[in-house]
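> Got a structure for you, written out below as structure tokens; questions coming shortly.
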Amino acid sequence: MILHGIDNPYWKLAFSSDAPAVAHLGFDATGQGRWCDNLLKTGLPKAAGDPLVKLCGGQTGYFTSPETLYHSSSSLACSVQSSGQELAITGIAYGQVRESWRIKLEGDALIWTVDQHWQADTDVADSFTPGLFFTARPQCGHMTVFELWDRDHTHDAFYTCDNPLALTAGVTQSRRMLNRRGGWSVAKLLSHACPNGDLRVTVTEHLKKGEVLNVMSMLAHAAAPQRMRKDEHVSLTMTLQPVAGDTGLALDVELHGELAADNATNRRFFDTHANCAILADTVNWRFGNEPSGYVAPFTIWMQSELLKFGVMRSPLCRDGHDAHQVLAHEVSLLAGHCAKTGTIGPGYLDGTALDQLPALLLAARDRLLISGDRKEAEQLWPGLQRAVKELSDMLDRGRGLIYTERDNGNDYWDWIDRNGWIGYVNMLTYAGLVAFEEIARWLGRDVQTPAQSLKNTFNQRFWLEDRGYYADWIDKEGQPQSFLYVGPQLMGIAVGMVPLDRARRIVHAIRQRRRELGPDWNNCFSLQTNFHDAEAFSYMYRNHQSDVTRFGQTMNGGCLLSWNYDWIGALVACGYVDEAIDAWQRVVRRFSGTSLIEGCNYWDYAGQPSRTMHPPDEMISYEPFLSDQGLVSLALPRWLLGIRIGFDGITTHPVLPASAYPVTVKLTHLGREVELRIDRAARA
């Protein structure tokens, strides 16, 4: 293979004349030589049955049908001339098209022009001119994913869920195209080595983007589908250019001392997770909890928790649409649905989950804390009232606690079969009812909810004095079941449902059990899910009737990144400040080295991506859950700086070391951006 290259501080490009394609594309948004790994995936999986996978790397191509592909790297010959920062490639021939390319570097911009001459009338079903391909599949080399925003994208439905491309991923994927010719979009890079910048993508024609779960992403521009005429000439140009500064919502925290570098990483952590859930291959600007558009209505409260700490910076897309507006739209959508039907609409487990109504109440409270818009609150009020009525009725039927006869599908964290009274569902319900009370007081309305009664009943029935923590659930026979399922235990502390003396006992039980299970468990960068083997109740066991996960992995005892958010809060509440800072640093530094996004949300106790013993389920190793993971970035402002945002104001209780001060934090509160200055730690 003959390689020709051009490079500057922003780009390293290698071109193969043997098989016309860009063989390597390095990128650094800072221009300081801090290279991301190869942005283009030039390796192929050994068993690459999907036609699109053949387009790995940077090249051009077109489909005449979903199965029939012609691409530039099949060209038998081409001529390459190099002149300074420019490559001129001629003689590219494949299918019914002849091409010449010009690829040049101009400072921080990479400009790629393709000139086509069509040899015969051709019906082009889809095309990539040029096409850049990214993947999170390790067989293709280091994993890189990106998310692309522009409000003018629309689904073109070329790929459907029944063609070979979808069979590998197991979910519906999409292709989208800009309605308008020209313009620009922003691609946020979730890149392996250095998550240090975004790309602005400008086009002369139509920009297309497609994704199959987290396995293959692509970025290209073309006006397909269309009929190309014999002797037709087409010229297309794509420009990739780093974006200076933040795009979208930013976590604007500034601090000093030895934590300053971790804070910088944390800012990028927030950026990729808070912003990348928007337009995640969904429709109607809904939030998706995966880049591919996994819509779980429950996770809207996780998004709102993230977004209420964010401030808008430079535009995320052409018209400046941002996550705060998306949150307003989605809360309105869900509240309107609830007012009519008593549910918050379609999505993951929409027919069974018991945690979605409290999620709406929490998200609505957070949205109103951002906007301060009383007219918006009045519009939401009927839906919120209906949610509270539905929850109150469920509590009445369950004798003061929410109850179910079903074994599974009861909540978002559904990998454990549970029936009866589920601890987590009741904790979230309490938090949602309290959020509704806060909205009511702000609006000057006198309302009563069963929040306090629920709290009292829960503490009376669920606490296990001999163990020093709460039951995970009480089954329909009335027997407490407990595997020290830590997420709910810690959420109870975070939402103020657990007395401090019990909070300390819970934290002690977790710390003790981690030590008992050994150094892998105790030293892992993340927090485990169950601390006693619950395999017999697990999702995988339910599906396969065998212990296919092994305790400590995947959805049983494995580490779930989102648990760290409440774990850090619980450690602070119980006085373990140094340990809380260390827990935050472990996750942030792991993100700095790997971006986490290329791995799944589930890790084993040794800090490796979890695996199952059932190959079809290996896809879980590539699934990033944006809301779940992103919550950890909030541990800094929410727990380590102790910021509480309410309708009556903002309070702080910082616990960072003295070298971190002064700290400044900017927030969007009740419709305006405010700046907090924190000069020293709170007194013990």
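Numbering starts fresh at 1 for the residues of each chain in the structure tokens, the chains themselves are lettered A, B, ... in the order given, and ligands are numbered from 1 as they appear.
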Fewer than 6 positions away in the same chain doesn't count, so skip those; otherwise give me all residues within 7 Å of region 446-453 of chain A, counting only C-alpha atoms, as a PDB file with N, CA and C atoms, in the first residue's frame.


ATOM      1  N   SER A 392     -51.470   8.690  44.403  1.00  0.00           N
ATOM      2  CA  SER A 392     -52.213   8.574  45.660  1.00  0.00           C
ATOM      3  C   SER A 392     -53.131   7.356  45.636  1.00  0.00           C
ATOM      4  N   TYR A 430     -41.853   9.178  46.743  1.00  0.00           N
ATOM      5  CA  TYR A 430     -41.727  10.190  47.789  1.00  0.00           C
ATOM      6  C   TYR A 430     -41.055  11.445  47.236  1.00  0.00           C
ATOM      7  N   LEU A 433     -43.472  13.396  44.973  1.00  0.00           N
ATOM      8  CA  LEU A 433     -44.515  14.102  45.712  1.00  0.00           C
ATOM      9  C   LEU A 433     -43.970  15.350  46.397  1.00  0.00           C
ATOM     10  N   VAL A 434     -42.771  15.262  46.937  1.00  0.00           N
ATOM     11  CA  VAL A 434     -42.141  16.442  47.546  1.00  0.00           C
ATOM     12  C   VAL A 434     -41.898  17.515  46.487  1.00  0.00           C
ATOM     13  N   GLU A 437     -45.068  19.328  45.854  1.00  0.00           N
ATOM     14  CA  GLU A 437     -45.350  20.269  46.945  1.00  0.00           C
ATOM     15  C   GLU A 437     -44.538  21.551  46.786  1.00  0.00           C
ATOM     16  N   ALA A 440     -46.216  23.669  44.188  1.00  0.00           N
ATOM     17  CA  ALA A 440     -47.464  24.227  44.711  1.00  0.00           C
ATOM     18  C   ALA A 440     -47.196  25.424  45.620  1.00  0.00           C
TER      19      ALA A 440
END

> Would you mind listing what lies within 12 Å of Ser185 (chain A) as number ranges by chain, with only C-alpha atoms counted and same-chain residues fewer than 6 positions away left out?

A: 147-153, 177-178, 198-203, 206-209, 219-221, 238-243, 247, 315-321

> Please produce a file of the residues just selected, as a short mmCIF file (atom, residue, chain, number, x, y, z; two decimals), in the first residue's frame, where the atoms kept are C-alpha atoms.


data_model
loop_
_atom_site.label_atom_id
_atom_site.label_comp_id
_atom_site.auth_asym_id
_atom_site.auth_seq_id
_atom_site.Cartn_x
_atom_site.Cartn_y
_atom_site.Cartn_z
CA GLU A 147 -23.43 12.70 17.89
CA LEU A 148 -24.54 15.19 15.26
CA TRP A 149 -27.07 17.97 15.75
CA ASP A 150 -29.11 20.01 13.37
CA ARG A 151 -32.77 20.81 13.71
CA ASP A 152 -33.31 20.38 9.98
CA HIS A 153 -32.61 16.66 9.94
CA MET A 177 -30.68 14.17 5.90
CA LEU A 178 -30.76 17.94 6.10
CA ASP A 198 -16.26 19.24 18.80
CA LEU A 199 -16.38 19.50 15.03
CA ARG A 200 -18.40 21.94 12.97
CA VAL A 201 -19.46 20.29 9.75
CA THR A 202 -20.29 22.57 6.81
CA VAL A 203 -21.63 21.34 3.52
CA HIS A 206 -27.23 17.89 2.00
CA LEU A 207 -25.67 16.52 5.16
CA LYS A 208 -26.56 12.96 6.08
CA LYS A 209 -26.02 11.12 9.30
CA LEU A 219 -21.32 11.27 8.45
CA ALA A 220 -21.70 12.11 4.77
CA HIS A 221 -23.41 14.49 2.44
CA MET A 238 -17.50 19.04 3.12
CA THR A 239 -15.50 21.02 5.67
CA LEU A 240 -14.60 19.74 9.13
CA GLN A 241 -13.46 22.40 11.57
CA PRO A 242 -12.99 22.41 15.36
CA VAL A 243 -15.37 24.52 17.38
CA THR A 247 -21.33 24.17 22.51
CA PRO A 315 -25.22 27.32 19.80
CA LEU A 316 -25.60 23.58 19.62
CA CYS A 317 -27.13 23.95 16.19
CA ARG A 318 -28.02 26.64 13.70
CA ASP A 319 -30.96 28.26 15.45
CA GLY A 320 -29.52 27.96 18.95
CA HIS A 321 -31.95 25.29 20.14
#

> Quick one: everything within 12 Å of Gln479 (chain A), counting only C-alpha atoms, minus sequence neighbours fewer than 4 positions away in the same chain. Send it as a VMD selection string.

chain A and resid 418 to 422 461 to 462 464 471 to 475

> For a quick check of understanding, using only C-alpha atoms, which of A:Gly552, A:Gly400, A:Pro637, A:Gly642 has the smallest distance to Glu254 (chain A)?

A:Pro637

> Run DSSP on the backbone and tell me which residues of region 300-500 of chain A come out as strand (DSSP E); list them as a PDB file with C-alpha atoms, in the first residue's frame.


ATOM      1  CA  VAL A 311     -25.870  27.237  31.388  1.00  0.00           C
ATOM      2  CA  MET A 312     -26.208  27.857  27.668  1.00  0.00           C
ATOM      3  CA  TYR A 403     -47.589  -2.382  45.397  1.00  0.00           C
ATOM      4  CA  THR A 404     -47.606  -4.695  42.369  1.00  0.00           C
ATOM      5  CA  GLY A 420     -44.986  -6.764  46.097  1.00  0.00           C
ATOM      6  CA  TRP A 421     -43.685  -3.510  47.586  1.00  0.00           C
ATOM      7  CA  ILE A 422     -40.562  -2.351  45.744  1.00  0.00           C
ATOM      8  CA  TRP A 463     -35.804  -1.030  57.669  1.00  0.00           C
ATOM      9  CA  LEU A 464     -33.890  -4.180  58.661  1.00  0.00           C
ATOM     10  CA  TYR A 469     -30.010  -1.259  55.713  1.00  0.00           C
ATOM     11  CA  TYR A 470     -33.370  -1.402  53.969  1.00  0.00           C
ATOM     12  CA  TRP A 473     -38.471  -5.260  48.236  1.00  0.00           C
ATOM     13  CA  ILE A 474     -41.114  -6.968  50.314  1.00  0.00           C
ATOM     14  CA  PRO A 480     -38.456  -8.916  52.958  1.00  0.00           C
ATOM     15  CA  GLN A 481     -35.909  -9.596  50.203  1.00  0.00           C
TER      16      GLN A 481
END

> Using only C-alpha atoms, determine which residues lie at most 10 Å from Asn263 (chain A), disregarding the query and same-chain residues fewer than 6 positions distant; provide the list as JSON, numbers by chain.

{"A": [251, 252, 253, 254, 255, 256, 269, 585, 588, 633, 636]}

> Which is closest to Gly575 (chain A) among A:Trp413, A:Phe287, A:Trp639, A:Phe128, if we use only C-alpha atoms?

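Ranked by minimum distance to Gly575 (chain A), first place goes to A:Trp639.
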
> Using only C-alpha atoms, can you tell me which of A:Asp123, A:Asp115, A:Asp355, A:Asp366 comes closest to Phe309 (chain A)?

A:Asp366

> Which one is closest to Thr129 (chain A): A:Tyr602, A:Asp18, A:Ser235, A:Lys104? Count only C-alpha atoms.

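Closest to Thr129 (chain A), using only C-alpha atoms: A:Ser235.
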
> Report the distance between CA of Lys340 (chain A) and CA of Asp373 (chain A) in Å, rounded to one decimal place.

22.8 Å

> Identify which of the residues A:Ser83, A:Cys559, A:Ile650, A:Thr60 lies closest to Trp101 (chain A), counting only C-alpha atoms when measuring atom-to-atom distances.

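Closest to Trp101 (chain A), using only C-alpha atoms: A:Thr60.
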
> So, with only C-alpha atoms as the atoms that count, which of A:Ser546, A:Ser17, A:Thr457, A:Ser314 lies closest to Leu3 (chain A)?

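Using only C-alpha atoms, the shortest distance to Leu3 (chain A) belongs to A:Ser17.
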
> To one decimal place in Å, what is the distance between CA of Arg589 (chain A) and CA of Leu490 (chain A)?

22.8 Å

> Near His337 (chain A), within 12 Å and counting only C-alpha atoms, which residues show up once chain neighbours fewer than 6 positions away are dropped, as number ranges by chain?

A: 297, 330-331, 343-346, 357, 360, 380, 382-384, 386-387

> Could you please take those selected residues and save N, CA and C atoms as a tab-separated table (two decimals), in the first residue's frame?


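Output file out.tsv is given in full below:
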chain	number	residue	atom	x	y	z
A	297	PRO	N	-39.00	7.16	29.26
A	297	PRO	CA	-39.55	8.37	29.88
A	297	PRO	C	-39.06	8.59	31.31
A	330	GLU	N	-40.38	18.51	26.24
A	330	GLU	CA	-40.70	17.14	26.64
A	330	GLU	C	-41.55	17.10	27.89
A	331	VAL	N	-41.27	17.97	28.87
A	331	VAL	CA	-42.11	18.00	30.06
A	331	VAL	C	-43.54	18.37	29.68
A	343	THR	N	-51.02	8.57	32.20
A	343	THR	CA	-49.68	8.03	31.93
A	343	THR	C	-48.87	9.10	31.20
A	344	ILE	N	-47.55	8.90	31.11
A	344	ILE	CA	-46.74	9.94	30.48
A	344	ILE	C	-46.31	9.57	29.07
A	345	GLY	N	-46.94	8.56	28.49
A	345	GLY	CA	-46.73	8.32	27.07
A	345	GLY	C	-45.77	7.20	26.77
A	346	PRO	N	-45.57	6.95	25.46
A	346	PRO	CA	-44.81	5.77	25.03
A	346	PRO	C	-43.33	5.86	25.35
A	357	LEU	N	-44.43	8.27	36.67
A	357	LEU	CA	-45.17	9.44	37.15
A	357	LEU	C	-44.33	10.29	38.11
A	360	LEU	N	-41.91	12.36	36.10
A	360	LEU	CA	-42.50	13.57	35.53
A	360	LEU	C	-42.54	14.69	36.56
A	380	LEU	N	-48.66	23.24	32.91
A	380	LEU	CA	-48.28	21.89	33.33
A	380	LEU	C	-49.18	21.36	34.45
A	382	PRO	N	-52.37	20.77	35.31
A	382	PRO	CA	-53.35	19.66	35.23
A	382	PRO	C	-52.69	18.29	35.10
A	383	GLY	N	-51.62	18.20	34.33
A	383	GLY	CA	-50.93	16.93	34.19
A	383	GLY	C	-50.25	16.51	35.47
A	384	LEU	N	-49.69	17.47	36.21
A	384	LEU	CA	-49.02	17.15	37.47
A	384	LEU	C	-50.04	16.73	38.52
A	386	ARG	N	-52.85	15.28	37.91
A	386	ARG	CA	-53.30	13.93	37.56
A	386	ARG	C	-52.27	12.89	37.99
A	387	ALA	N	-50.99	13.22	37.85
A	387	ALA	CA	-49.93	12.30	38.28
A	387	ALA	C	-50.02	12.04	39.77
